[in-house]
file input.pdb (PDB, C-alpha atoms, pLDDT in the B column)
MODEL        1
ATOM      1  CA  MET A 144     114.500 109.508  90.691  1.00 85.00           C
ATOM      2  CA  ARG A 145     111.769 111.065  88.493  1.00 88.00           C
ATOM      3  CA  PRO A 146     109.510 107.923  88.657  1.00 90.00           C
ATOM      4  CA  PHE A 147     109.640 108.049  92.478  1.00 94.00           C
ATOM      5  CA  LEU A 148     108.704 111.736  92.453  1.00 94.00           C
ATOM      6  CA  ASN A 149     105.837 111.018  90.040  1.00 94.00           C
ATOM      7  CA  ALA A 150     104.448 108.402  92.449  1.00 95.00           C
ATOM      8  CA  ILE A 151     104.659 110.916  95.293  1.00 97.00           C
ATOM      9  CA  ASN A 152     102.904 113.515  93.109  1.00 97.00           C
ATOM     10  CA  ARG A 153     100.031 111.046  92.575  1.00 96.00           C
ATOM     11  CA  TYR A 154      99.846 110.445  96.332  1.00 97.00           C
ATOM     12  CA  ILE A 155      99.669 114.188  97.110  1.00 98.00           C
ATOM     13  CA  SER A 156      97.000 114.729  94.444  1.00 97.00           C
ATOM     14  CA  ALA A 157      94.904 111.814  95.744  1.00 96.00           C
ATOM     15  CA  LYS A 158      95.194 112.881  99.373  1.00 97.00           C
ATOM     16  CA  ASP A 159      94.675 116.611  98.931  1.00 97.00           C
ATOM     17  CA  ASN A 160      91.870 116.302  96.356  1.00 96.00           C
ATOM     18  CA  ASN A 161      89.957 113.323  97.800  1.00 96.00           C
ATOM     19  CA  LYS A 162      90.687 110.883  94.971  1.00 96.00           C
ATOM     20  CA  PRO A 163      91.235 107.585  96.795  1.00 96.00           C
ATOM     21  CA  HIS A 164      91.126 105.574  93.562  1.00 95.00           C
ATOM     22  CA  MET A 165      94.462 107.145  92.552  1.00 96.00           C
ATOM     23  CA  LEU A 166      96.224 105.565  95.529  1.00 96.00           C
ATOM     24  CA  THR A 167      96.029 102.114  93.890  1.00 94.00           C
ATOM     25  CA  LYS A 168      98.655 103.480  91.476  1.00 94.00           C
ATOM     26  CA  VAL A 169     100.891 104.529  94.381  1.00 96.00           C
ATOM     27  CA  PHE A 170     100.781 101.671  96.908  1.00 96.00           C
ATOM     28  CA  THR A 171     101.250  97.926  96.542  1.00 94.00           C
ATOM     29  CA  GLU A 172      98.343  95.732  97.586  1.00 94.00           C
ATOM     30  CA  GLU A 173      99.983  94.912 100.955  1.00 95.00           C
ATOM     31  CA  SER A 174     101.553  98.311 101.647  1.00 96.00           C
ATOM     32  CA  LEU A 175     102.108  99.457 105.202  1.00 97.00           C
ATOM     33  CA  LEU A 176     101.392 102.969 106.418  1.00 97.00           C
ATOM     34  CA  GLU A 177     103.131 103.808 109.672  1.00 97.00           C
ATOM     35  CA  MET A 178     102.133 107.017 111.437  1.00 95.00           C
ATOM     36  CA  LYS A 179     104.385 108.611 114.039  1.00 95.00           C
ATOM     37  CA  VAL A 180     102.398 111.441 115.586  1.00 92.00           C
ATOM     38  CA  ASN A 181     104.499 113.638 117.886  1.00 91.00           C
ATOM     39  CA  THR A 182     101.687 116.070 118.681  1.00 86.00           C
ATOM     40  CA  ASP A 183      98.365 115.886 120.492  1.00 85.00           C
ATOM     41  CA  SER A 184      96.535 118.184 118.077  1.00 82.00           C
ATOM     42  CA  ILE A 185      95.739 115.508 115.461  1.00 84.00           C
ATOM     43  CA  SER A 186      95.326 111.750 115.549  1.00 82.00           C
ATOM     44  CA  PHE A 187      95.764 108.891 113.116  1.00 88.00           C
ATOM     45  CA  PRO A 188      96.005 105.127 113.558  1.00 84.00           C
ATOM     46  CA  SER A 189      99.621 104.079 114.125  1.00 88.00           C
ATOM     47  CA  ASP A 190      99.615 101.309 111.487  1.00 93.00           C
ATOM     48  CA  VAL A 191      97.393 100.779 108.462  1.00 95.00           C
ATOM     49  CA  VAL A 192      97.826  97.763 106.175  1.00 96.00           C
ATOM     50  CA  GLY A 193      96.724  97.451 102.564  1.00 96.00           C
ATOM     51  CA  VAL A 194      96.020  99.958  99.836  1.00 96.00           C
ATOM     52  CA  GLU A 195      92.251 100.041 100.472  1.00 96.00           C
ATOM     53  CA  ALA A 196      92.665 100.840 104.173  1.00 96.00           C
ATOM     54  CA  ILE A 197      95.385 103.398 103.407  1.00 96.00           C
ATOM     55  CA  SER A 198      93.110 105.052 100.821  1.00 95.00           C
ATOM     56  CA  HIS A 199      90.310 105.238 103.359  1.00 95.00           C
ATOM     57  CA  VAL A 200      92.470 106.833 106.082  1.00 94.00           C
ATOM     58  CA  LEU A 201      94.563 109.216 103.972  1.00 93.00           C
ATOM     59  CA  SER A 202      91.991 110.315 101.422  1.00 94.00           C
ATOM     60  CA  SER A 203      88.339 109.512 102.183  1.00 93.00           C
ATOM     61  CA  GLN A 204      88.416 109.942 105.955  1.00 94.00           C
ATOM     62  CA  PHE A 205      90.928 112.806 105.891  1.00 94.00           C
ATOM     63  CA  ASN A 206      88.816 114.801 103.433  1.00 95.00           C
ATOM     64  CA  GLN A 207      85.710 114.416 105.578  1.00 95.00           C
ATOM     65  CA  ARG A 208      87.434 116.644 108.148  1.00 95.00           C
ATOM     66  CA  PHE A 209      89.617 118.982 106.083  1.00 96.00           C
ATOM     67  CA  GLU A 210      89.423 121.150 102.963  1.00 96.00           C
ATOM     68  CA  ASN A 211      91.632 123.684 101.188  1.00 97.00           C
ATOM     69  CA  VAL A 212      94.435 121.152 101.603  1.00 97.00           C
ATOM     70  CA  TYR A 213      97.895 122.018 100.280  1.00 98.00           C
ATOM     71  CA  THR A 214     100.590 119.448 101.014  1.00 98.00           C
ATOM     72  CA  PHE A 215     104.097 120.442  99.992  1.00 98.00           C
ATOM     73  CA  CYS A 216     107.134 118.206  99.808  1.00 98.00           C
ATOM     74  CA  LEU A 217     110.281 120.232 100.384  1.00 98.00           C
ATOM     75  CA  SER A 218     112.556 119.890  97.352  1.00 97.00           C
ATOM     76  CA  ASP A 219     115.643 120.943  99.260  1.00 97.00           C
ATOM     77  CA  SER A 220     115.216 118.149 101.819  1.00 97.00           C
ATOM     78  CA  ILE A 221     115.147 115.081  99.534  1.00 97.00           C
ATOM     79  CA  ILE A 222     117.473 112.243 100.478  1.00 97.00           C
ATOM     80  CA  ARG A 223     117.517 109.093  98.372  1.00 95.00           C
ATOM     81  CA  ASP A 224     119.170 105.838  99.333  1.00 94.00           C
ATOM     82  CA  ASP A 225     118.378 103.136  96.763  1.00 92.00           C
ATOM     83  CA  ASN A 226     114.608 102.458  97.144  1.00 93.00           C
ATOM     84  CA  LEU A 227     114.151 104.771 100.137  1.00 96.00           C
ATOM     85  CA  LEU A 228     113.280 108.407  99.584  1.00 97.00           C
ATOM     86  CA  THR A 229     112.938 110.778 102.545  1.00 98.00           C
ATOM     87  CA  CYS A 230     111.773 114.375 102.543  1.00 98.00           C
ATOM     88  CA  LYS A 231     110.207 116.997 104.757  1.00 98.00           C
ATOM     89  CA  TRP A 232     106.600 118.044 104.201  1.00 98.00           C
ATOM     90  CA  LEU A 233     104.340 120.910 105.201  1.00 97.00           C
ATOM     91  CA  VAL A 234     100.542 120.977 105.051  1.00 97.00           C
ATOM     92  CA  VAL A 235      98.187 123.953 105.141  1.00 97.00           C
ATOM     93  CA  MET A 236      94.447 123.242 105.387  1.00 96.00           C
ATOM     94  CA  THR A 237      91.215 124.293 107.035  1.00 96.00           C
ATOM     95  CA  GLU A 238      88.792 122.330 109.175  1.00 95.00           C
ATOM     96  CA  LYS A 239      85.457 121.844 107.436  1.00 96.00           C
ATOM     97  CA  ASP A 240      83.394 122.235 110.600  1.00 95.00           C
ATOM     98  CA  ASN A 241      84.672 125.630 111.691  1.00 93.00           C
ATOM     99  CA  GLY A 242      87.059 126.982 109.022  1.00 93.00           C
ATOM    100  CA  ILE A 243      89.985 127.073 111.454  1.00 94.00           C
ATOM    101  CA  LEU A 244      93.414 127.026 109.833  1.00 95.00           C
ATOM    102  CA  ARG A 245      95.741 124.061 110.435  1.00 95.00           C
ATOM    103  CA  ILE A 246      99.417 124.051 109.554  1.00 96.00           C
ATOM    104  CA  GLY A 247     101.612 121.041 110.175  1.00 95.00           C
ATOM    105  CA  CYS A 248     105.002 119.676 109.258  1.00 96.00           C
ATOM    106  CA  GLY A 249     107.025 116.512 109.436  1.00 97.00           C
ATOM    107  CA  TYR A 250     108.785 113.835 107.397  1.00 98.00           C
ATOM    108  CA  TYR A 251     107.877 111.315 104.724  1.00 98.00           C
ATOM    109  CA  ASP A 252     109.892 108.103 104.418  1.00 98.00           C
ATOM    110  CA  TRP A 253     108.915 106.326 101.198  1.00 98.00           C
ATOM    111  CA  LEU A 254     110.115 102.741 100.727  1.00 97.00           C
ATOM    112  CA  PHE A 255     109.481 101.667  97.141  1.00 95.00           C
ATOM    113  CA  ASN A 256     109.166  97.968  96.347  1.00 89.00           C
ATOM    114  CA  ASP A 257     112.235  95.978  95.314  1.00 73.00           C
ATOM    115  CA  ASP A 258     110.990  95.833  91.732  1.00 67.00           C
ATOM    116  CA  SER A 259     111.212  99.619  91.658  1.00 47.00           C
ATOM    117  CA  SER A 260     114.300 101.010  90.086  1.00 48.00           C
ATOM    118  CA  ILE A 261     115.399 104.198  88.482  1.00 46.00           C
ATOM    119  CA  SER A 262     114.218 102.742  85.155  1.00 49.00           C
ATOM    120  CA  ALA A 263     110.800 101.649  86.458  1.00 64.00           C
ATOM    121  CA  LYS A 264     108.032 103.774  84.957  1.00 76.00           C
ATOM    122  CA  ASP A 265     105.514 103.290  87.750  1.00 81.00           C
ATOM    123  CA  PRO A 266     107.206 102.303  91.016  1.00 90.00           C
ATOM    124  CA  LYS A 267     104.919 101.475  93.929  1.00 94.00           C
ATOM    125  CA  VAL A 268     105.328 102.045  97.633  1.00 96.00           C
ATOM    126  CA  ASP A 269     105.728  99.086 100.020  1.00 96.00           C
ATOM    127  CA  LYS A 270     105.863 101.266 103.118  1.00 97.00           C
ATOM    128  CA  LEU A 271     105.207 104.896 103.896  1.00 97.00           C
ATOM    129  CA  THR A 272     106.171 106.315 107.269  1.00 97.00           C
ATOM    130  CA  ILE A 273     104.611 109.687 107.990  1.00 97.00           C
ATOM    131  CA  THR A 274     106.048 111.556 110.955  1.00 97.00           C
ATOM    132  CA  ILE A 275     103.973 114.482 112.158  1.00 96.00           C
ATOM    133  CA  GLU A 276     106.307 116.687 114.162  1.00 95.00           C
ATOM    134  CA  TYR A 277     103.953 119.597 114.705  1.00 95.00           C
ATOM    135  CA  MET A 278     100.365 120.565 113.922  1.00 94.00           C
ATOM    136  CA  ALA A 279      99.130 124.047 114.788  1.00 91.00           C
ATOM    137  CA  THR A 280      95.481 125.013 115.080  1.00 92.00           C
ATOM    138  CA  ILE A 281      95.355 128.713 114.314  1.00 90.00           C
ATOM    139  CA  ASN A 282      92.544 131.227 114.538  1.00 85.00           C
ATOM    140  CA  TYR A 283      94.072 133.615 112.010  1.00 84.00           C
ATOM    141  CA  SER A 284      92.126 136.567 110.618  1.00 86.00           C
ATOM    142  CA  ASN A 285      94.097 136.671 107.330  1.00 88.00           C
ATOM    143  CA  LYS A 286      93.500 132.982 106.539  1.00 91.00           C
ATOM    144  CA  ASP A 287      92.261 133.635 102.979  1.00 92.00           C
ATOM    145  CA  HIS A 288      95.309 135.786 102.212  1.00 91.00           C
ATOM    146  CA  LEU A 289      97.607 132.999 103.473  1.00 92.00           C
ATOM    147  CA  LEU A 290      95.760 130.351 101.433  1.00 94.00           C
ATOM    148  CA  ASP A 291      95.951 132.540  98.323  1.00 94.00           C
ATOM    149  CA  GLY A 292      99.717 132.978  98.793  1.00 93.00           C
ATOM    150  CA  ILE A 293     100.281 129.273  99.422  1.00 94.00           C
ATOM    151  CA  GLY A 294      98.183 128.477  96.350  1.00 94.00           C
ATOM    152  CA  GLU A 295     100.577 130.459  94.147  1.00 95.00           C
ATOM    153  CA  LEU A 296     103.641 128.403  95.141  1.00 95.00           C
ATOM    154  CA  PRO A 297     105.010 125.519  93.053  1.00 96.00           C
ATOM    155  CA  TYR A 298     102.965 122.468  94.049  1.00 96.00           C
ATOM    156  CA  PRO A 299     103.546 119.882  95.400  1.00 97.00           C
ATOM    157  CA  TRP A 300     107.343 120.343  95.339  1.00 97.00           C
ATOM    158  CA  CYS A 301     108.550 123.599  96.828  1.00 96.00           C
ATOM    159  CA  PHE A 302     111.657 124.985  98.477  1.00 97.00           C
ATOM    160  CA  SER A 303     111.614 125.544 102.231  1.00 96.00           C
ATOM    161  CA  SER A 304     112.534 129.194 101.774  1.00 94.00           C
ATOM    162  CA  SER A 305     109.492 129.849  99.561  1.00 94.00           C
ATOM    163  CA  LEU A 306     107.160 128.363 102.161  1.00 95.00           C
ATOM    164  CA  SER A 307     108.898 130.208 104.968  1.00 93.00           C
ATOM    165  CA  ILE A 308     108.252 133.523 103.219  1.00 91.00           C
ATOM    166  CA  GLU A 309     104.510 132.765 103.138  1.00 90.00           C
ATOM    167  CA  MET A 310     104.292 131.839 106.840  1.00 90.00           C
ATOM    168  CA  PRO A 311     102.933 134.736 108.906  1.00 88.00           C
ATOM    169  CA  MET A 312     105.168 136.034 111.672  1.00 89.00           C
ATOM    170  CA  ILE A 313     102.875 134.856 114.465  1.00 88.00           C
ATOM    171  CA  GLU A 314     103.779 132.992 117.645  1.00 90.00           C
ATOM    172  CA  ASP A 315     101.711 129.911 116.715  1.00 88.00           C
ATOM    173  CA  LEU A 316     103.949 129.318 113.694  1.00 90.00           C
ATOM    174  CA  LYS A 317     107.337 129.796 115.335  1.00 92.00           C
ATOM    175  CA  THR A 318     107.906 126.025 115.450  1.00 92.00           C
ATOM    176  CA  VAL A 319     106.889 125.618 111.798  1.00 93.00           C
ATOM    177  CA  ARG A 320     109.249 128.422 110.729  1.00 92.00           C
ATOM    178  CA  ARG A 321     112.104 126.789 112.654  1.00 93.00           C
ATOM    179  CA  PHE A 322     111.335 123.437 110.989  1.00 94.00           C
ATOM    180  CA  LEU A 323     111.461 125.060 107.541  1.00 93.00           C
ATOM    181  CA  GLU A 324     114.750 126.796 108.284  1.00 90.00           C
ATOM    182  CA  GLN A 325     116.662 123.826 109.714  1.00 87.00           C
ATOM    183  CA  ASP A 326     118.753 121.544 107.509  1.00 75.00           C
TER     184      ASP A 326
ENDMDL
END

call {"tool": "encode", "arguments": {"input": "input.pdb", "output": "structure tokens"}}
result
Amino acid sequence: MRPFLNAINRYISAKDNNKPHMLTKVFTEESLLEMKVNTDSISFPSDVVGVEAISHVLSSQFNQRFENVYTFCLSDSIIRDDNLLTCKWLVVMTEKDNGILRIGCGYYDWLFNDDSSISAKDPKVDKLTITIEYMATINYSNKDHLLDGIGELPYPWCFSSSLSIEMPMIEDLKTVRRFLEQD
């Protein structure tokens, strides 16, 4: 499973740090990105085809709008079935235009190509389905304190309980806390 996790690590690094060139090491040339957005507070195209288009949407375009991006994959939620790896994720970031805090959560479904195996050193993704369950826009006065705390957590793989501890006890994050606490 380690090669699959390494590919996901490269994806997170490319997306969070605006390094679209790294995504050519993650996705096959004809990869499909499917976005299931179950919230009105953020929008993405529903389907994106090809590594160049995926790189543009998930790295270049994304980083035009957001900064201070921390995407965590939840270690205690990983399910692997052959070439499919599923896990929960949580993102904390700020909007570049106004500094407002955004916190969202959902699921990743990674389908690695058929040539990928446990012995493959560099498996690539044929299809990534990103489900965005919730995205909160929060005007939070202790934003820097929250970002500092999040920045100290193991990254990008973290346990749900560690993230839950860092989430402020505010009404806007009740749904996120519930998501982190459910199995």

call {"tool": "closest_residue", "arguments": {"input": "input.pdb", "among": "A:Tyr154, A:Phe255, A:Tyr250, A:Phe170", "to": "Ser202 in chain A", "atoms": "all atoms listed in the file"}}
result
A:Tyr154

call {"tool": "residues_around", "arguments": {"input": "input.pdb", "residues": "range 302-315 of chain A", "least_positions_apart": "4", "cutoff": "10 Å", "atoms": "all atoms listed in the file", "output": "count of residues only"}}
result
34

call {"tool": "closest_residue", "arguments": {"input": "input.pdb", "among": "A:Lys158, A:Pro266, A:Ile275, A:Asp183", "to": "Met144 in chain A", "atoms": "only C-alpha atoms"}}
result
A:Pro266

call {"tool": "atom_distance", "arguments": {"input": "input.pdb", "atom1": "CA of Val234 in chain A", "atom2": "CA of Tyr277 in chain A"}}
result
10.3 Å

call {"tool": "closest_residue", "arguments": {"input": "input.pdb", "among": "A:Leu244, A:Met165, A:Cys301, A:Leu227", "to": "Leu201 in chain A", "atoms": "all atoms listed in the file"}}
result
A:Met165

call {"tool": "atom_distance", "arguments": {"input": "input.pdb", "atom1": "CA of Tyr298 in chain A", "atom2": "CA of Val212 in chain A"}}
result
11.5 Å

call {"tool": "atom_distance", "arguments": {"input": "input.pdb", "atom1": "CA of Glu195 in chain A", "atom2": "CA of Ile273 in chain A"}}
result
17.4 Å

call {"tool": "resolve_selection", "arguments": {"input": "input.pdb", "expression": "the PyMOL selection byres ((chain A and resi 224) around 12)", "output": "PyMOL selection string"}}
result
chain A and resi 144+147+221-223+225-230+252-255+260-261

call {"tool": "closest_residue", "arguments": {"input": "input.pdb", "among": "A:Lys267, A:Glu210, A:Gln204, A:Lys162", "to": "Gly242 in chain A", "atoms": "only C-alpha atoms"}}
result
A:Glu210

call {"tool": "residues_around", "arguments": {"input": "input.pdb", "residues": "Glu173 in chain A", "least_positions_apart": "2", "cutoff": "9 Å", "atoms": "all atoms listed in the file", "output": "PDB file with C-alpha atoms, in the coordinates of the input"}}
result
ATOM      1  CA  PHE A 170     100.781 101.671  96.908  1.00 96.00           C
ATOM      2  CA  THR A 171     101.250  97.926  96.542  1.00 94.00           C
ATOM      3  CA  LEU A 175     102.108  99.457 105.202  1.00 97.00           C
ATOM      4  CA  VAL A 192      97.826  97.763 106.175  1.00 96.00           C
ATOM      5  CA  GLY A 193      96.724  97.451 102.564  1.00 96.00           C
ATOM      6  CA  VAL A 194      96.020  99.958  99.836  1.00 96.00           C
ATOM      7  CA  ASP A 269     105.728  99.086 100.020  1.00 96.00           C
ATOM      8  CA  LYS A 270     105.863 101.266 103.118  1.00 97.00           C
TER       9      LYS A 270
END

call {"tool": "closest_residue", "arguments": {"input": "input.pdb", "among": "A:Tyr213, A:Gly247, A:Gly294, A:Thr274", "to": "Lys317 in chain A", "atoms": "all atoms listed in the file"}}
result
A:Gly247

call {"tool": "closest_residue", "arguments": {"input": "input.pdb", "among": "A:Ser198, A:Asn206, A:Asn149, A:Thr214", "to": "Ser174 in chain A", "atoms": "only C-alpha atoms"}}
result
A:Ser198

call {"tool": "residues_around", "arguments": {"input": "input.pdb", "residues": "Gln207 in chain A", "least_positions_apart": "5", "cutoff": "10 Å", "atoms": "all atoms listed in the file", "output": "ChimeraX atom specification"}}
result
/A:161,202,238-240

call {"tool": "resolve_selection", "arguments": {"input": "input.pdb", "expression": "the PyMOL selection byres ((chain A and resi 177) around 6)", "output": "list in words"}}
result
Leu176, Met178, Ser189, Asp190 and Thr272 of chain A
